[in-house]
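Engineer: Sending over a structure as structure tokens; questions will come in a sec.
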Amino acid sequence: MLAAFILRRCLMTIPMLLAISFVSFVIIELPPGSFLEQKLVQLEMVSGDASSMIHVEQLKRRYGMDRPFLIRYLTWIKGIVIHGDFGESFAYEREVSELIWSYLGYTVLISSLSLILVYALALPLGAWAAQHRGRWQDTLMSCFSFAALSIPEFLLALFLLAFGVFYLDYCLIGLNSPEFTFSPWNQDKILDLLIHLPLPVLVVALNGTAGLARIMRSSMLDVLGQPYILAARARGLSRSQVLGRHALRMAINPMISILGMSLPGLISGSAIISIVLNLPTAGLLLFESLKSQDMYLAGTLVLMMSALLILGNLLADIALAVADPRIRHD
């Protein structure tokens with residue numbers, strides 16, 4: 001039964017991925033005056049330069065400028081699937097795949113640590129507040145949640161930067177100090193990265209922790225009021241056994257679903273935080289590509305984030321089916 005459920009969910013993702021790839025290519029083709037068109041015009045204006053004309057023909061052939069829209073789309077998909085060719089970033093004059101990989105490491109590192117911190121804090125905080133509903137513990141958690149949700153991430157980042165500069169006499173902007181920016185990786189550079197890393201991780205995680213803690217509290221309160229919880233208590237099970245075996249197991253389901261929706265954030269990061277803290281993440285790369293109409297780069301990032309969202313939902317569905325067998329029959 002579980003295998004059939006997983007196979008059915010996997011088959012459902014195929015048309016969704018195709019639809020997303022088509023929309024991403026429409027995004028690439030939609031804006032007028034893209035970098036590709038500008039580059040072709042610049043090259044064609046260089047009169048008498050044979051190498052420039054050859055380059056123009058190569059670009060037209062590669063991107064199918066003289067072919068119908070659907071043929072260009074199929075060529076793009078074929079290049080991605082067979083050769084891993086996402087096109088060229090004309091703003092950076094580098095291949096899109098190479099450029100994204102150069103930014104992806106830091107993005108995944110920051111986003112993964114933030115996601116781990118969010119769930120490590122939100123689950124116990126939400127469960128703790130639900131167990132003490134109406135008491136000072138619940139009020140304290142609610143005040144923390146509302147305050148964290150109300151403070152914009154960029155404002156918190158600026159405040160912590162100012163605090164570090166004026167009170168700690170240390171600037172934590174970026175992920176490395178200037179003297180380590182272009183140096184090879186060694187023990188000192190890794191230590192410098194570990195010093196700079198907590199600030200963006202904390203800023204990104206704070207808002208998510210507050211929101212998920214509220215969701216966990218609400219889910220836990222719903223479960224604690226169910227008849228099977230009252231029956232478990234009536235059988236003489238201890239408070240920890242009731243919470244661990246029954247309440248948490250059911251209350252965790254919404255958190256699993258949200259975790260699946262969090263996967264796109266692993267490569268997108270937070271563009272605003274990246275700008276404020278000067279972080280070399282894919283979120284900043286997406287912002288710059290949209291601003292400069294570098295559409296092969298922007299379309300590829302949109303495609304990757306959308307595909308990760310579908311993958312995350314698929315993994316969440318499988319995890320929910322394993323945790324709660326009733327879902328397999330829905």
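Identifiers for the structure tokens are assigned positionally: chains receive A, B, ... in sequence, residues are indexed from 1 per chain, and ligands are indexed from 1 in the order shown.
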I'd like the contact shell of stretch 117-132 of chain A - 10 Å cut-off, only C-alpha atoms, skipping same-chain residues fewer than 2 positions apart - returned as a count of residues only.

Structural biologist: 43

Engineer: Which polymer residues have any atom within 8 Å of an atom of A:Ala307, counting only C-alpha atoms, with same-chain residues fewer than 3 positions away left out, as a list in words?

Structural biologist: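 Everything that qualifies: Leu17, Ile20, Leu303, Met304, Ile310 and Leu311 of chain A.
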
Engineer: Which is closest to A:Phe154 among A:Ile116, A:Leu194, A:Leu172, A:Val276, if we use only C-alpha atoms?

Structural biologist: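 Of all the options, A:Val276 lies closest to A:Phe154.
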
Engineer: Nearest to A:Leu155: which of A:Asp85, A:Ile273, A:Leu285, A:Glu93 is it, counting only C-alpha atoms?

Structural biologist: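 Ranked by minimum distance to A:Leu155, first place goes to A:Ile273.
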
Engineer: Taking only C-alpha atoms into account, which of A:Leu99, A:Ile28, A:Leu109, A:Ala19 comes nearest A:Arg72?

Structural biologist: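 The shortest atom-to-atom distance to A:Arg72 comes from A:Ile28.
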
Engineer: Grab the atom CA of A:Ile110 to atom CA of A:Pro200 distance for me, in Å with one decimal place.

Structural biologist: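 These atoms are spaced 7.1 Å apart.
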
Engineer: Neighbours of A:Gly164 within 12 Å (only C-alpha atoms; same-chain residues fewer than 6 positions away dropped), as a short mmCIF file (atom, residue, chain, number, x, y, z; two decimals) with N, CA and C atoms, in the first residue's frame?

Structural biologist:
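Result went into selection.cif, see below:
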data_model
loop_
_atom_site.label_atom_id
_atom_site.label_comp_id
_atom_site.auth_asym_id
_atom_site.auth_seq_id
_atom_site.Cartn_x
_atom_site.Cartn_y
_atom_site.Cartn_z
N ALA A 157 18.74 42.65 11.29
CA ALA A 157 20.11 42.51 10.81
C ALA A 157 20.90 43.81 11.00
N LEU A 158 20.28 44.94 10.68
CA LEU A 158 20.95 46.23 10.86
C LEU A 158 21.23 46.50 12.33
N TYR A 170 33.53 44.93 16.37
CA TYR A 170 33.80 43.91 15.35
C TYR A 170 32.67 43.96 14.33
N CYS A 171 33.03 44.04 13.07
CA CYS A 171 32.04 44.10 11.99
C CYS A 171 31.80 42.69 11.46
N LEU A 172 30.54 42.26 11.49
CA LEU A 172 30.19 40.90 11.08
C LEU A 172 29.52 40.87 9.71
N ILE A 173 29.72 41.90 8.90
CA ILE A 173 29.12 41.92 7.57
C ILE A 173 29.82 40.91 6.67
N ILE A 195 32.88 32.55 12.85
CA ILE A 195 32.59 33.76 13.62
C ILE A 195 31.49 34.58 12.95
N HIS A 196 31.51 34.64 11.61
CA HIS A 196 30.53 35.44 10.86
C HIS A 196 29.20 34.71 10.66
N LEU A 199 25.38 35.22 12.80
CA LEU A 199 24.52 36.38 12.59
C LEU A 199 23.46 36.13 11.52
#

Engineer: Restricting the calculation to only C-alpha atoms, which member of A:Leu74, A:Leu237, A:Met261, A:Leu279 is positioned closest to A:Asn176?

Structural biologist: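 Closest residue, counting only C-alpha atoms: A:Leu279.
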
Engineer: From the set A:Met12, A:Ile71, A:Leu149, A:Leu193, which residue has the shortest atom-to-atom contact distance to A:Asn313, counting only C-alpha atoms?

Structural biologist: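 For A:Asn313, the nearest of the candidates is A:Met12.
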
Engineer: Taking the DSSP secondary structure from the backbone, can you list the residues of stretch 243-318 of chain A that are helix (DSSP H, G or I), as a ChimeraX atom specification?

Structural biologist: /A:243-251,253-261,265-268,271-277,282-291,295-318

Engineer: For those residues, write C-alpha atoms to a file as a short mmCIF file (atom, residue, chain, number, x, y, z; two decimals), in the first residue's frame.

Structural biologist:
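The new file again-v4.cif reads:
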data_model
loop_
_atom_site.label_atom_id
_atom_site.label_comp_id
_atom_site.auth_asym_id
_atom_site.auth_seq_id
_atom_site.Cartn_x
_atom_site.Cartn_y
_atom_site.Cartn_z
CA LEU A 243 2.94 13.39 25.12
CA GLY A 244 5.66 11.27 23.50
CA ARG A 245 3.67 8.29 22.24
CA HIS A 246 0.41 9.96 21.26
CA ALA A 247 0.27 13.77 21.28
CA LEU A 248 3.58 14.69 19.63
CA ARG A 249 3.26 11.96 17.02
CA MET A 250 0.01 13.45 15.73
CA ALA A 251 0.80 17.12 16.32
CA ASN A 253 2.06 16.29 10.95
CA PRO A 254 1.60 19.99 10.04
CA MET A 255 5.28 20.60 10.75
CA ILE A 256 6.26 17.86 8.28
CA SER A 257 4.14 19.50 5.58
CA ILE A 258 5.73 22.89 6.25
CA LEU A 259 9.20 21.32 6.15
CA GLY A 260 8.52 20.15 2.59
CA MET A 261 7.57 23.69 1.60
CA GLY A 265 14.55 28.30 0.68
CA LEU A 266 17.66 26.12 0.74
CA ILE A 267 18.78 27.61 -2.57
CA SER A 268 16.93 30.91 -2.62
CA ALA A 271 17.44 38.23 -0.79
CA ILE A 272 16.88 41.16 1.59
CA ILE A 273 19.14 39.67 4.28
CA SER A 274 21.76 38.91 1.62
CA ILE A 275 21.74 42.54 0.48
CA VAL A 276 21.92 43.97 4.01
CA LEU A 277 24.63 41.59 5.21
CA ALA A 282 21.55 32.66 -4.59
CA GLY A 283 18.86 35.02 -3.30
CA LEU A 284 21.08 37.99 -4.08
CA LEU A 285 21.93 36.39 -7.43
CA LEU A 286 18.23 36.11 -8.32
CA PHE A 287 17.63 39.75 -7.38
CA GLU A 288 20.53 40.95 -9.53
CA SER A 289 19.46 38.78 -12.49
CA LEU A 290 15.91 40.16 -12.42
CA LYS A 291 17.16 43.72 -12.10
CA MET A 295 16.77 36.00 -17.93
CA TYR A 296 18.51 32.67 -18.47
CA LEU A 297 19.95 33.02 -14.97
CA ALA A 298 16.64 34.21 -13.49
CA GLY A 299 14.60 31.53 -15.27
CA THR A 300 16.96 28.78 -14.11
CA LEU A 301 16.74 29.92 -10.48
CA VAL A 302 12.94 30.06 -10.69
CA LEU A 303 12.92 26.57 -12.23
CA MET A 304 15.19 25.17 -9.51
CA MET A 305 13.15 26.69 -6.67
CA SER A 306 9.87 25.49 -8.15
CA ALA A 307 11.24 21.99 -8.70
CA LEU A 308 12.46 21.92 -5.10
CA LEU A 309 9.00 22.95 -3.92
CA ILE A 310 7.48 20.01 -5.77
CA LEU A 311 10.19 17.68 -4.46
CA GLY A 312 9.64 18.98 -0.93
CA ASN A 313 5.91 18.38 -1.13
CA LEU A 314 6.56 14.88 -2.47
CA LEU A 315 8.94 14.06 0.39
CA ALA A 316 6.50 15.57 2.89
CA ASP A 317 3.66 13.41 1.53
CA ILE A 318 5.82 10.30 1.86
#
